[in-house]
Amino acid sequence: MRHLLFALVLAFLASCGSDSNSLSPEEYINLNNLQATELSEGVFIIIHDEGNEERASLEQVVDVNYTARLTDETQFDQAEDFTVSLGSLIPGWQIGLGEIGVGGSCTLIIPYQVGFGEVQNGPVPAKSTLIFEITLNDIYSIRTVEEYITDNELNTTVLDKGVQIVIHEPGSDVKPNPDSQVVINYIGKLTNELVFDRGVGVTFGLGNLIEGWQIGLQELGESGSCTLVIPSDAAYGDAQVGIIPPNSPLVFEIDLISVD
């Protein structure tokens with residue numbers, strides 16, 4: 001249920017429903033004798049640990065652990081090591097999370113107006129005050145290929161078009177060519193660690209994939225695995241593709257299951 005945090009997909013999940021019996025943030029704070037600080041838009045925060053000095057901007061990706069509950073203490077969501085662009089989350093998170101740094105933790109008490117609004121959202125009734133317990137594990141920015149490799153201490157081999165590969169398991173002598181059908185497991189992410197795609201047991205024609213895959217996967221044998229770090233010129237270039245911004249280098253973790 002991690003999608004409940006995303007402001008951009010609420011329209012797809014929302015349905016008409018009766019208003020909740022939720023306490024307002026002020027009522028919840030008074031009932032529980034909490035010492036909370038009011039931020040903008042009626043959001044309240046209790047900072048348990050300020051963390052370091054770094055603060056996330058809306059353009060950056062955050063890695064968080066969180067639990068979410070209603071004012072009657074019903075838990076409706078939780079996650080660990082959840083990575084997401086801060087700017088895609090509900091406004092209450094955008095307001096509150098900027099108050100702590102990496103390693104920090106807080107409680108956010110979010111009024112419905114900057115939460116899920118006046119609609120029912122999954123198990124959350126309309127007009128519900130939301131309570132989040134959050135630990136901010138890390139903040140990520142878009143990095144160049146070279147910055148990503150340096151930050152992650154990768155020992156890569158440079159291929160054509162600036163594609164770089166780390167072969168974790170070379171696999172057999174059976175390697176694909178551009179005419180091959182390949183069956184793979186993969187995870188695709190941006191250099192800010194935001195995962196944009198994944199697949200298990202997926203079949204592709206190698207010649208139909210982005211150039212970086214065609215270059216890199218021919219280095220791998222059947223049953224092998226690798227990391228590909230692909231510059232934008234060998235990926236999607238200056239085009240926006242889904243949540244992938246223009247001119248984005250891409251990172252793929254790939255298991256090559258079989259080659260035909």
# chains A, B, ... in the order shown; residues from 1 in each chain; ligands from 1
$ residues_around --residues "A:Glu118" --least-positions-apart "3" --cutoff "8 Å" --atoms "only C-alpha atoms" --output "MDAnalysis selection string"
chainID A and resid 19 112:113 126:127
$ closest_residue --among "A:Ile142, A:Ile184, A:Val229, A:Ile110" --to "A:Ser128" --atoms "only C-alpha atoms"
A:Ile110
$ residues_around --residues "A:Val183" --least-positions-apart "4" --cutoff "6 Å" --atoms "only C-alpha atoms" --output "PyMOL selection string"
chain A and resi 201-203+257-258
$ write_last_selection --atoms "N, CA and C atoms" --output "JSON list (two decimals), in the first residue's frame"
[["chain", "number", "residue", "atom", "x", "y", "z"],
["A", 201, "GLY", "N", 11.70, -12.77, -15.22],
["A", 201, "GLY", "CA", 11.42, -13.74, -16.27],
["A", 201, "GLY", "C", 10.84, -13.11, -17.52],
["A", 202, "VAL", "N", 11.29, -11.91, -17.86],
["A", 202, "VAL", "CA", 10.75, -11.17, -19.00],
["A", 202, "VAL", "C", 11.54, -11.52, -20.26],
["A", 203, "THR", "N", 10.85, -11.69, -21.39],
["A", 203, "THR", "CA", 11.48, -11.99, -22.66],
["A", 203, "THR", "C", 11.51, -10.75, -23.54],
["A", 257, "ILE", "N", 18.90, -14.94, -17.82],
["A", 257, "ILE", "CA", 18.47, -16.30, -17.53],
["A", 257, "ILE", "C", 18.74, -17.23, -18.69],
["A", 258, "SER", "N", 18.34, -16.82, -19.91],
["A", 258, "SER", "CA", 18.56, -17.67, -21.06],
["A", 258, "SER", "C", 18.65, -16.84, -22.32]]
$ select_by_dssp --residues "stretch 152-226 of chain A" --states "alpha helix (DSSP H)" --output "MDAnalysis selection string"
chainID A and resid 211:217
$ closest_atom_pairs --of "stretch 118-173 of chain A" --to "stretch 221-226 of chain A" --cutoff "10 Å" --atoms "only C-alpha atoms" --output "CSV"
residue,atom,partner,partner_atom,distance
A:Ile165,CA,A:Cys226,CA,6.8
A:Val166,CA,A:Cys226,CA,5.5
A:Ile167,CA,A:Cys226,CA,4.3
A:His168,CA,A:Cys226,CA,5.2
A:Glu169,CA,A:Gly224,CA,4.7
A:Pro170,CA,A:Gly224,CA,4.8
A:Gly171,CA,A:Gly224,CA,3.8
A:Ser172,CA,A:Gly221,CA,4.7
A:Asp173,CA,A:Gly221,CA,5.6
$ write_last_selection --atoms "N, CA and C atoms" --output "PDB file, in the first residue's frame"
ATOM      1  N   ILE A 165      30.102  -1.403 -17.427  1.00  0.00           N
ATOM      2  CA  ILE A 165      29.557  -2.672 -16.941  1.00  0.00           C
ATOM      3  C   ILE A 165      30.388  -3.208 -15.783  1.00  0.00           C
ATOM      4  N   VAL A 166      29.690  -3.783 -14.820  1.00  0.00           N
ATOM      5  CA  VAL A 166      30.311  -4.593 -13.772  1.00  0.00           C
ATOM      6  C   VAL A 166      29.729  -5.992 -13.922  1.00  0.00           C
ATOM      7  N   ILE A 167      30.561  -6.965 -14.244  1.00  0.00           N
ATOM      8  CA  ILE A 167      30.091  -8.337 -14.393  1.00  0.00           C
ATOM      9  C   ILE A 167      30.245  -9.045 -13.052  1.00  0.00           C
ATOM     10  N   HIS A 168      29.132  -9.401 -12.472  1.00  0.00           N
ATOM     11  CA  HIS A 168      29.142 -10.097 -11.188  1.00  0.00           C
ATOM     12  C   HIS A 168      29.314 -11.607 -11.375  1.00  0.00           C
ATOM     13  N   GLU A 169      28.704 -12.126 -12.420  1.00  0.00           N
ATOM     14  CA  GLU A 169      28.812 -13.543 -12.764  1.00  0.00           C
ATOM     15  C   GLU A 169      28.858 -13.622 -14.293  1.00  0.00           C
ATOM     16  N   PRO A 170      29.971 -14.101 -14.870  1.00  0.00           N
ATOM     17  CA  PRO A 170      30.097 -14.052 -16.335  1.00  0.00           C
ATOM     18  C   PRO A 170      29.139 -14.973 -17.075  1.00  0.00           C
ATOM     19  N   GLY A 171      28.682 -16.038 -16.442  1.00  0.00           N
ATOM     20  CA  GLY A 171      27.787 -16.970 -17.116  1.00  0.00           C
ATOM     21  C   GLY A 171      28.522 -17.895 -18.063  1.00  0.00           C
ATOM     22  N   SER A 172      27.770 -18.536 -18.932  1.00  0.00           N
ATOM     23  CA  SER A 172      28.341 -19.536 -19.845  1.00  0.00           C
ATOM     24  C   SER A 172      28.939 -18.868 -21.078  1.00  0.00           C
ATOM     25  N   ASP A 173      29.386 -19.686 -22.013  1.00  0.00           N
ATOM     26  CA  ASP A 173      29.919 -19.168 -23.273  1.00  0.00           C
ATOM     27  C   ASP A 173      28.821 -18.765 -24.251  1.00  0.00           C
TER      28      ASP A 173
END
$ atom_distance --atom1 "atom CA of A:Ser232" --atom2 "atom CA of A:Glu146"
12.6 Å
$ residues_around --residues "A:Ser141" --least-positions-apart "3" --cutoff "9 Å" --atoms "only C-alpha atoms" --output "VMD selection string"
chain A and resid 59 to 61 191 to 193
$ residues_around --residues "stretch 74-91 of chain A" --least-positions-apart "2" --cutoff "8 Å" --atoms "only C-alpha atoms" --output "number ranges by chain"
A: 1-2, 5-8, 56-72, 93-95, 114-116, 123-124, 137, 193-195
$ closest_residue --among "A:Glu27, A:Asp238, A:Asp151, A:Asp160" --to "A:Thr129" --atoms "only C-alpha atoms"
A:Glu27
$ select_by_dssp --residues "stretch 11-145 of chain A" --states "strand (DSSP E)" --output "PyMOL selection string"
chain A and resi 14-15+37-38+44-49+61-70+75-85+105-110+120-121+130-140
$ write_last_selection --atoms "C-alpha atoms" --output "short mmCIF file (atom, residue, chain, number, x, y, z; two decimals), in the first residue's frame"
data_model
loop_
_atom_site.label_atom_id
_atom_site.label_comp_id
_atom_site.auth_asym_id
_atom_site.auth_seq_id
_atom_site.Cartn_x
_atom_site.Cartn_y
_atom_site.Cartn_z
CA ALA A 14 -9.97 7.88 -4.71
CA SER A 15 -13.58 6.92 -4.28
CA THR A 37 5.51 22.34 16.55
CA GLU A 38 3.11 23.77 13.99
CA PHE A 44 2.47 19.52 13.12
CA ILE A 45 5.82 17.87 13.75
CA ILE A 46 7.53 16.22 16.70
CA ILE A 47 11.25 15.90 15.99
CA HIS A 48 12.81 12.94 17.76
CA ASP A 49 16.22 13.30 16.08
CA VAL A 61 14.68 11.21 -3.81
CA VAL A 62 14.36 10.20 -0.17
CA ASP A 63 14.87 6.78 1.40
CA VAL A 64 12.61 6.42 4.42
CA ASN A 65 11.16 3.98 6.92
CA TYR A 66 7.64 4.87 7.98
CA THR A 67 4.45 3.71 9.62
CA ALA A 68 1.11 5.41 9.03
CA ARG A 69 -1.97 5.43 11.22
CA LEU A 70 -5.21 7.24 11.86
CA GLN A 75 -2.30 1.46 11.21
CA PHE A 76 -2.96 1.58 7.47
CA ASP A 77 0.50 1.49 5.90
CA GLN A 78 4.19 0.88 6.57
CA ALA A 79 7.44 0.45 4.67
CA GLU A 80 11.18 0.18 5.13
CA ASP A 81 13.81 1.57 2.75
CA PHE A 82 11.08 3.16 0.64
CA THR A 83 12.63 5.36 -2.08
CA VAL A 84 10.52 8.03 -3.74
CA SER A 85 10.77 11.55 -5.13
CA SER A 105 13.28 10.88 12.76
CA CYS A 106 9.99 12.58 13.44
CA THR A 107 6.25 12.26 13.87
CA LEU A 108 4.13 14.16 11.35
CA ILE A 109 0.50 14.97 12.16
CA ILE A 110 -1.14 15.96 8.89
CA GLN A 120 -11.76 8.02 0.76
CA ASN A 121 -8.39 6.58 -0.23
CA LEU A 130 -2.89 11.22 9.26
CA ILE A 131 -0.08 10.30 11.67
CA PHE A 132 3.29 9.25 10.26
CA GLU A 133 6.34 7.99 12.15
CA ILE A 134 9.28 8.60 9.81
CA THR A 135 13.00 7.89 9.78
CA LEU A 136 14.97 9.55 6.97
CA ASN A 137 17.64 7.08 5.89
CA ASP A 138 19.16 8.95 2.96
CA ILE A 139 18.73 11.65 0.33
CA TYR A 140 19.71 11.11 -3.30
#
$ residues_around --residues "A:Glu53" --least-positions-apart "6" --cutoff "10 Å" --atoms "only C-alpha atoms" --output "tab-separated table (two decimals) with N, CA, C and O atoms, in the first residue's frame"
chain	number	residue	atom	x	y	z
A	99	GLU	N	12.16	19.24	7.59
A	99	GLU	CA	12.59	19.68	8.91
A	99	GLU	C	13.65	18.78	9.54
A	99	GLU	O	14.21	19.12	10.58
A	100	ILE	N	13.91	17.61	8.93
A	100	ILE	CA	14.93	16.70	9.48
A	100	ILE	C	15.94	16.35	8.38
A	100	ILE	O	15.65	16.44	7.19
A	101	GLY	N	17.14	15.94	8.83
A	101	GLY	CA	18.19	15.52	7.92
A	101	GLY	C	18.36	14.02	7.95
A	101	GLY	O	17.66	13.29	8.66
A	102	VAL	N	19.35	13.56	7.18
A	102	VAL	CA	19.63	12.13	7.11
A	102	VAL	C	19.99	11.60	8.49
A	102	VAL	O	20.77	12.21	9.23
A	103	GLY	N	19.36	10.49	8.86
A	103	GLY	CA	19.53	9.93	10.19
A	103	GLY	C	18.51	10.44	11.18
A	103	GLY	O	18.45	9.96	12.31
A	104	GLY	N	17.71	11.41	10.76
A	104	GLY	CA	16.71	11.99	11.65
A	104	GLY	C	15.41	11.21	11.67
A	104	GLY	O	15.16	10.35	10.82
$ decode --residues "stretch 25-37 of chain A" --atoms "all heavy atoms" --output "PDB file, in the first residue's frame"
ATOM      1  N   PRO A  25      -5.838  17.569  14.010  1.00  0.00           N
ATOM      2  CA  PRO A  25      -4.487  17.518  14.583  1.00  0.00           C
ATOM      3  C   PRO A  25      -4.421  18.103  15.990  1.00  0.00           C
ATOM      4  O   PRO A  25      -3.775  17.537  16.880  1.00  0.00           O
ATOM      5  CB  PRO A  25      -3.657  18.332  13.588  1.00  0.00           C
ATOM      6  CG  PRO A  25      -4.353  18.132  12.287  1.00  0.00           C
ATOM      7  CD  PRO A  25      -5.818  18.122  12.639  1.00  0.00           C
ATOM      8  N   GLU A  26      -5.089  19.235  16.200  1.00  0.00           N
ATOM      9  CA  GLU A  26      -5.049  19.871  17.518  1.00  0.00           C
ATOM     10  C   GLU A  26      -5.704  18.992  18.583  1.00  0.00           C
ATOM     11  O   GLU A  26      -5.193  18.879  19.712  1.00  0.00           O
ATOM     12  CB  GLU A  26      -5.751  21.230  17.465  1.00  0.00           C
ATOM     13  CG  GLU A  26      -5.043  22.282  16.619  1.00  0.00           C
ATOM     14  CD  GLU A  26      -5.354  22.166  15.128  1.00  0.00           C
ATOM     15  OE1 GLU A  26      -6.102  21.227  14.725  1.00  0.00           O
ATOM     16  OE2 GLU A  26      -4.854  23.000  14.363  1.00  0.00           O
ATOM     17  N   GLU A  27      -6.832  18.366  18.237  1.00  0.00           N
ATOM     18  CA  GLU A  27      -7.506  17.481  19.188  1.00  0.00           C
ATOM     19  C   GLU A  27      -6.631  16.273  19.515  1.00  0.00           C
ATOM     20  O   GLU A  27      -6.540  15.857  20.684  1.00  0.00           O
ATOM     21  CB  GLU A  27      -8.839  17.015  18.598  1.00  0.00           C
ATOM     22  CG  GLU A  27      -9.888  18.109  18.529  1.00  0.00           C
ATOM     23  CD  GLU A  27     -11.112  17.684  17.733  1.00  0.00           C
ATOM     24  OE1 GLU A  27     -10.988  16.786  16.858  1.00  0.00           O
ATOM     25  OE2 GLU A  27     -12.189  18.245  17.973  1.00  0.00           O
ATOM     26  N   TYR A  28      -5.983  15.706  18.506  1.00  0.00           N
ATOM     27  CA  TYR A  28      -5.115  14.543  18.727  1.00  0.00           C
ATOM     28  C   TYR A  28      -3.939  14.917  19.629  1.00  0.00           C
ATOM     29  O   TYR A  28      -3.573  14.162  20.546  1.00  0.00           O
ATOM     30  CB  TYR A  28      -4.615  14.017  17.382  1.00  0.00           C
ATOM     31  CG  TYR A  28      -3.714  12.814  17.497  1.00  0.00           C
ATOM     32  CD1 TYR A  28      -4.253  11.531  17.641  1.00  0.00           C
ATOM     33  CD2 TYR A  28      -2.331  12.944  17.470  1.00  0.00           C
ATOM     34  CE1 TYR A  28      -3.420  10.417  17.752  1.00  0.00           C
ATOM     35  CE2 TYR A  28      -1.494  11.843  17.579  1.00  0.00           C
ATOM     36  CZ  TYR A  28      -2.047  10.584  17.723  1.00  0.00           C
ATOM     37  OH  TYR A  28      -1.221   9.488  17.838  1.00  0.00           O
ATOM     38  N   ILE A  29      -3.344  16.064  19.376  1.00  0.00           N
ATOM     39  CA  ILE A  29      -2.192  16.522  20.168  1.00  0.00           C
ATOM     40  C   ILE A  29      -2.599  16.763  21.614  1.00  0.00           C
ATOM     41  O   ILE A  29      -1.902  16.339  22.551  1.00  0.00           O
ATOM     42  CB  ILE A  29      -1.591  17.783  19.528  1.00  0.00           C
ATOM     43  CG1 ILE A  29      -0.885  17.413  18.216  1.00  0.00           C
ATOM     44  CG2 ILE A  29      -0.619  18.477  20.487  1.00  0.00           C
ATOM     45  CD1 ILE A  29      -0.567  18.605  17.345  1.00  0.00           C
ATOM     46  N   ASN A  30      -3.729  17.419  21.818  1.00  0.00           N
ATOM     47  CA  ASN A  30      -4.189  17.706  23.183  1.00  0.00           C
ATOM     48  C   ASN A  30      -4.559  16.431  23.929  1.00  0.00           C
ATOM     49  O   ASN A  30      -4.231  16.269  25.118  1.00  0.00           O
ATOM     50  CB  ASN A  30      -5.387  18.656  23.144  1.00  0.00           C
ATOM     51  CG  ASN A  30      -5.006  20.058  22.714  1.00  0.00           C
ATOM     52  OD1 ASN A  30      -3.861  20.478  22.885  1.00  0.00           O
ATOM     53  ND2 ASN A  30      -5.954  20.783  22.138  1.00  0.00           N
ATOM     54  N   LEU A  31      -5.237  15.523  23.251  1.00  0.00           N
ATOM     55  CA  LEU A  31      -5.651  14.270  23.883  1.00  0.00           C
ATOM     56  C   LEU A  31      -4.464  13.458  24.352  1.00  0.00           C
ATOM     57  O   LEU A  31      -4.508  12.807  25.408  1.00  0.00           O
ATOM     58  CB  LEU A  31      -6.500  13.449  22.910  1.00  0.00           C
ATOM     59  CG  LEU A  31      -7.037  12.114  23.431  1.00  0.00           C
ATOM     60  CD1 LEU A  31      -8.028  12.349  24.572  1.00  0.00           C
ATOM     61  CD2 LEU A  31      -7.695  11.319  22.306  1.00  0.00           C
ATOM     62  N   ASN A  32      -3.372  13.500  23.584  1.00  0.00           N
ATOM     63  CA  ASN A  32      -2.195  12.691  23.897  1.00  0.00           C
ATOM     64  C   ASN A  32      -1.089  13.482  24.585  1.00  0.00           C
ATOM     65  O   ASN A  32       0.012  12.958  24.771  1.00  0.00           O
ATOM     66  CB  ASN A  32      -1.656  12.064  22.607  1.00  0.00           C
ATOM     67  CG  ASN A  32      -2.587  10.988  22.060  1.00  0.00           C
ATOM     68  OD1 ASN A  32      -2.580   9.857  22.508  1.00  0.00           O
ATOM     69  ND2 ASN A  32      -3.405  11.370  21.075  1.00  0.00           N
ATOM     70  N   ASN A  33      -1.382  14.729  24.952  1.00  0.00           N
ATOM     71  CA  ASN A  33      -0.417  15.580  25.672  1.00  0.00           C
ATOM     72  C   ASN A  33       0.928  15.653  24.958  1.00  0.00           C
ATOM     73  O   ASN A  33       1.995  15.469  25.563  1.00  0.00           O
ATOM     74  CB  ASN A  33      -0.218  15.059  27.107  1.00  0.00           C
ATOM     75  CG  ASN A  33      -1.483  15.148  27.931  1.00  0.00           C
ATOM     76  OD1 ASN A  33      -2.164  16.176  27.924  1.00  0.00           O
ATOM     77  ND2 ASN A  33      -1.819  14.062  28.626  1.00  0.00           N
ATOM     78  N   LEU A  34       0.879  15.896  23.651  1.00  0.00           N
ATOM     79  CA  LEU A  34       2.090  15.919  22.837  1.00  0.00           C
ATOM     80  C   LEU A  34       2.662  17.334  22.759  1.00  0.00           C
ATOM     81  O   LEU A  34       1.926  18.323  22.764  1.00  0.00           O
ATOM     82  CB  LEU A  34       1.785  15.416  21.422  1.00  0.00           C
ATOM     83  CG  LEU A  34       1.230  13.995  21.317  1.00  0.00           C
ATOM     84  CD1 LEU A  34       0.910  13.662  19.860  1.00  0.00           C
ATOM     85  CD2 LEU A  34       2.216  12.981  21.894  1.00  0.00           C
ATOM     86  N   GLN A  35       3.965  17.415  22.667  1.00  0.00           N
ATOM     87  CA  GLN A  35       4.661  18.681  22.451  1.00  0.00           C
ATOM     88  C   GLN A  35       5.040  18.741  20.974  1.00  0.00           C
ATOM     89  O   GLN A  35       6.040  18.178  20.551  1.00  0.00           O
ATOM     90  CB  GLN A  35       5.903  18.778  23.336  1.00  0.00           C
ATOM     91  CG  GLN A  35       5.621  18.765  24.821  1.00  0.00           C
ATOM     92  CD  GLN A  35       4.800  19.972  25.255  1.00  0.00           C
ATOM     93  OE1 GLN A  35       5.077  21.107  24.854  1.00  0.00           O
ATOM     94  NE2 GLN A  35       3.771  19.731  26.059  1.00  0.00           N
ATOM     95  N   ALA A  36       4.217  19.394  20.185  1.00  0.00           N
ATOM     96  CA  ALA A  36       4.407  19.433  18.734  1.00  0.00           C
ATOM     97  C   ALA A  36       4.570  20.866  18.261  1.00  0.00           C
ATOM     98  O   ALA A  36       4.042  21.802  18.867  1.00  0.00           O
ATOM     99  CB  ALA A  36       3.219  18.775  18.026  1.00  0.00           C
ATOM    100  N   THR A  37       5.294  21.031  17.158  1.00  0.00           N
ATOM    101  CA  THR A  37       5.513  22.337  16.550  1.00  0.00           C
ATOM    102  C   THR A  37       4.663  22.452  15.296  1.00  0.00           C
ATOM    103  O   THR A  37       4.650  21.538  14.460  1.00  0.00           O
ATOM    104  CB  THR A  37       6.999  22.513  16.179  1.00  0.00           C
ATOM    105  OG1 THR A  37       7.793  22.422  17.359  1.00  0.00           O
ATOM    106  CG2 THR A  37       7.237  23.860  15.511  1.00  0.00           C
TER     107      THR A  37
END
